[in-house]
Amino acid sequence: MKECEIFSSLKVPCTSNIVVRLDGRNFSQLSRKLEFEKPYDIEFVEILSETSYNLFKEFNPRFIYIFSDEINMLLKDVPFGGRVEKIDSVMASFLSGAFTREIMAKNKYYKILKKNTPVSFDSRVIPLSNKGIIAYFQGRQMEAWRNCLNGYSYWTLRKKHSKTEAMEILHKKKSRQLHDLLFSEGINLAMMPTWQKRGIGLYKKKIQVEGLNPLSQEKVKSERKKITIDWELPRFDENFFLEKSLLE
Ligand SMILES: Nc1nc2c(ncn2[C@@H]2O[C@H](COP(=O)(O)OP(=O)(O)OP(=O)(O)O)[C@@H](O)[C@H]2O)c(=O)[nH]1
Ligand SMILES: [Mg+2]
């Protein structure tokens, strides 16, 4: 029956960069059940970034970009000989396992999660050219921004409107009008934390470490690379990717 395994040999193009995008399954429901803060729950975001840190340590990507319930991972070395089924299934299950371990460690979520459907993520592989990498992450960051504006607007509208009404109003209004609406309720998005508007990034950063030369007992300085979780991302442009050596 080996001949029926027709997708197992599907491979990513060997000349491309690869982004794996993972997205929480049914997280709207999960966030309701676990009563996450709306529109942003810092504890949930910390769990997701901790989980992404695990992903970074295991697969050593160039860059991870997070917002809402999605994780975008730009790979340096394509694992599993580029086999798409293997990449998608391992990444999604690794992330689901890591996320579950982190969130179950919190007492307040443990009991609810034990009684509910297990958490899962979907995964897709996106092959990109070098130029495509920057455009891709700019696109995701735009989505993070839209998500921020819509999230604040939706939950502001929900104070006075039903779900359907709020969705309808949201659909009709332009972004300027949404800013005005938020402003009239005392919410200024310019004052909101950067991570809510631009997402969170993980990449390796060079740091100076001081050590002792065991022979001469002299202090020596050397450079090491450390995984950094950046909560203050700038707007993505070519400079950002060059500065952080994310395109090499
Ligand atoms: N309250 C709250 N909800 C969040 C937060 N981050 C993500 N979410 C929820 O996660 C959802 C993510 O959107 P989607 O991925 O489109 O929705 P989904 O329910 O996960 O659906 P599928 O991905 O298609 O399975 C949002 O709509 C929110 O409901 C947060 O910080 N607080
Ligand atoms: Mg989702």
# chains A, B, ... in the order shown; residues from 1 in each chain; ligands from 1
$ residues_near_ligand --ligand "ligand 2" --cutoff "12 Å" --atoms "only C-alpha atoms and all ligand atoms" --output "PyMOL selection string"
chain A and resi 21-31+67-71+119-123
$ select_by_dssp --residues "stretch 21-157 of chain A" --states "strand (DSSP E or B)" --output "list in words"
Arg21, Leu22, Asp23, Gly24, Phe63, Ile64, Tyr65, Ile66, Phe67, Glu70, Ile71, Asn72, Met73, Leu74, Leu75, Arg83, Phe121, Asp122, Ser123, Arg124, Val125, Ile126, Pro127 and Leu128 of chain A
$ write_last_selection --atoms "C-alpha atoms" --output "PDB file, in the first residue's frame"
ATOM      1  CA  ARG A  21       2.806  29.396   9.676  1.00  0.00           C
ATOM      2  CA  LEU A  22       1.081  27.789  12.633  1.00  0.00           C
ATOM      3  CA  ASP A  23      -2.330  28.914  13.808  1.00  0.00           C
ATOM      4  CA  GLY A  24      -4.316  27.954  16.895  1.00  0.00           C
ATOM      5  CA  PHE A  63      13.113  34.441  12.803  1.00  0.00           C
ATOM      6  CA  ILE A  64       9.772  33.866  14.514  1.00  0.00           C
ATOM      7  CA  TYR A  65       6.956  36.379  14.311  1.00  0.00           C
ATOM      8  CA  ILE A  66       3.888  36.129  16.558  1.00  0.00           C
ATOM      9  CA  PHE A  67       0.563  37.916  16.778  1.00  0.00           C
ATOM     10  CA  GLU A  70      -0.398  32.654  14.916  1.00  0.00           C
ATOM     11  CA  ILE A  71       3.293  31.880  14.790  1.00  0.00           C
ATOM     12  CA  ASN A  72       5.344  32.478  11.645  1.00  0.00           C
ATOM     13  CA  MET A  73       8.677  30.730  11.539  1.00  0.00           C
ATOM     14  CA  LEU A  74      11.305  31.559   8.908  1.00  0.00           C
ATOM     15  CA  LEU A  75      13.560  28.521   8.640  1.00  0.00           C
ATOM     16  CA  ARG A  83       9.133  16.837   3.112  1.00  0.00           C
ATOM     17  CA  PHE A 121      -2.612  24.106  15.812  1.00  0.00           C
ATOM     18  CA  ASP A 122      -2.718  23.900  12.030  1.00  0.00           C
ATOM     19  CA  SER A 123       0.396  24.358   9.965  1.00  0.00           C
ATOM     20  CA  ARG A 124       1.221  25.403   6.428  1.00  0.00           C
ATOM     21  CA  VAL A 125       4.457  25.716   4.506  1.00  0.00           C
ATOM     22  CA  ILE A 126       5.044  28.856   2.442  1.00  0.00           C
ATOM     23  CA  PRO A 127       7.984  28.950  -0.004  1.00  0.00           C
ATOM     24  CA  LEU A 128       9.348  32.474  -0.562  1.00  0.00           C
TER      25      LEU A 128
END
$ closest_residue --among "A:Leu113, A:Ile134, A:Leu181, A:Ala144" --to "ligand 1" --atoms "only C-alpha atoms and all ligand atoms"
A:Ala144
$ atom_distance --atom1 "atom CA of A:Leu149" --atom2 "atom CA of A:Met167"
13.2 Å
$ closest_residue --among "A:Lys11, A:Arg146, A:Lys111, A:Lys206" --to "ligand 1" --atoms "only C-alpha atoms and all ligand atoms"
A:Arg146
$ residues_around --residues "A:Arg62" --least-positions-apart "5" --cutoff "12 Å" --atoms "only C-alpha atoms" --output "ChimeraX atom specification"
/A:17-20,55-57,72-78,133,201-205,225,227-228,241-242,244-248
$ write_last_selection --atoms "C-alpha atoms" --output "JSON list (two decimals), in the first residue's frame"
[["chain", "number", "residue", "atom", "x", "y", "z"],
["A", 17, "ASN", "CA", 13.16, 30.14, 1.78],
["A", 18, "ILE", "CA", 10.51, 28.50, 3.88],
["A", 19, "VAL", "CA", 8.06, 30.03, 6.32],
["A", 20, "VAL", "CA", 5.97, 27.70, 8.44],
["A", 55, "LEU", "CA", 10.21, 26.05, 18.96],
["A", 56, "PHE", "CA", 13.25, 28.29, 18.35],
["A", 57, "LYS", "CA", 15.52, 26.13, 20.50],
["A", 72, "ASN", "CA", 5.34, 32.48, 11.64],
["A", 73, "MET", "CA", 8.68, 30.73, 11.54],
["A", 74, "LEU", "CA", 11.31, 31.56, 8.91],
["A", 75, "LEU", "CA", 13.56, 28.52, 8.64],
["A", 76, "LYS", "CA", 17.30, 28.63, 8.13],
["A", 77, "ASP", "CA", 17.82, 24.97, 7.35],
["A", 78, "VAL", "CA", 14.84, 23.15, 5.95],
["A", 133, "ILE", "CA", 10.45, 37.29, 2.85],
["A", 201, "GLY", "CA", 9.63, 38.80, 17.21],
["A", 202, "LEU", "CA", 12.18, 36.17, 18.21],
["A", 203, "TYR", "CA", 15.67, 36.22, 16.71],
["A", 204, "LYS", "CA", 19.23, 35.71, 17.74],
["A", 205, "LYS", "CA", 21.15, 38.74, 18.94],
["A", 225, "LYS", "CA", 24.32, 34.70, 20.05],
["A", 227, "ILE", "CA", 17.63, 34.16, 21.46],
["A", 228, "THR", "CA", 15.85, 37.45, 22.12],
["A", 241, "PHE", "CA", 15.92, 42.24, 8.17],
["A", 242, "LEU", "CA", 19.46, 43.27, 7.20],
["A", 244, "LYS", "CA", 19.27, 41.45, 12.38],
["A", 245, "SER", "CA", 20.92, 39.27, 9.69],
["A", 246, "LEU", "CA", 17.62, 37.53, 8.98],
["A", 247, "LEU", "CA", 18.16, 37.12, 5.24],
["A", 248, "GLU", "CA", 21.49, 35.26, 5.30]]
$ residues_around --residues "A:Gly81" --least-positions-apart "4" --cutoff "12 Å" --atoms "only C-alpha atoms" --output "list of chain:residue names"
A:Ser8, A:Ser9, A:Leu10, A:Lys11, A:Val12, A:Pro13, A:Cys14, A:Asp77, A:Glu85, A:Lys86, A:Ile87
$ residues_around --residues "A:Ser49" --least-positions-apart "3" --cutoff "8 Å" --atoms "only C-alpha atoms" --output "compact mmCIF listing (two decimals) with N, CA and C atoms, in the first residue's frame"
# COMPACT_ATOMS: atom_id res chain seq x y z
N VAL A 45 -0.40 35.69 25.79
CA VAL A 45 0.66 36.11 24.86
C VAL A 45 2.02 35.65 25.39
N GLU A 46 2.19 35.72 26.71
CA GLU A 46 3.46 35.25 27.30
C GLU A 46 3.62 33.75 27.12
N SER A 52 6.99 29.62 21.66
CA SER A 52 7.77 29.91 20.45
C SER A 52 9.26 29.83 20.74
N TYR A 53 9.62 30.18 21.97
CA TYR A 53 11.02 30.07 22.38
C TYR A 53 11.46 28.60 22.33
N ILE A 66 5.16 36.53 15.93
CA ILE A 66 3.89 36.13 16.56
C ILE A 66 2.89 37.29 16.61
N ILE A 200 5.19 40.36 18.01
CA ILE A 200 6.40 40.05 18.79
C ILE A 200 7.35 39.24 17.91
N ILE A 229 13.55 37.82 22.76
CA ILE A 229 12.12 38.04 22.48
C ILE A 229 11.91 39.54 22.44
$ residues_around --residues "A:Ile112" --least-positions-apart "2" --cutoff "12 Å" --atoms "only C-alpha atoms" --output "JSON, numbers by chain"
{"A": [30, 31, 32, 33, 34, 35, 103, 104, 106, 107, 108, 109, 110, 114, 115, 116, 117, 118, 119]}
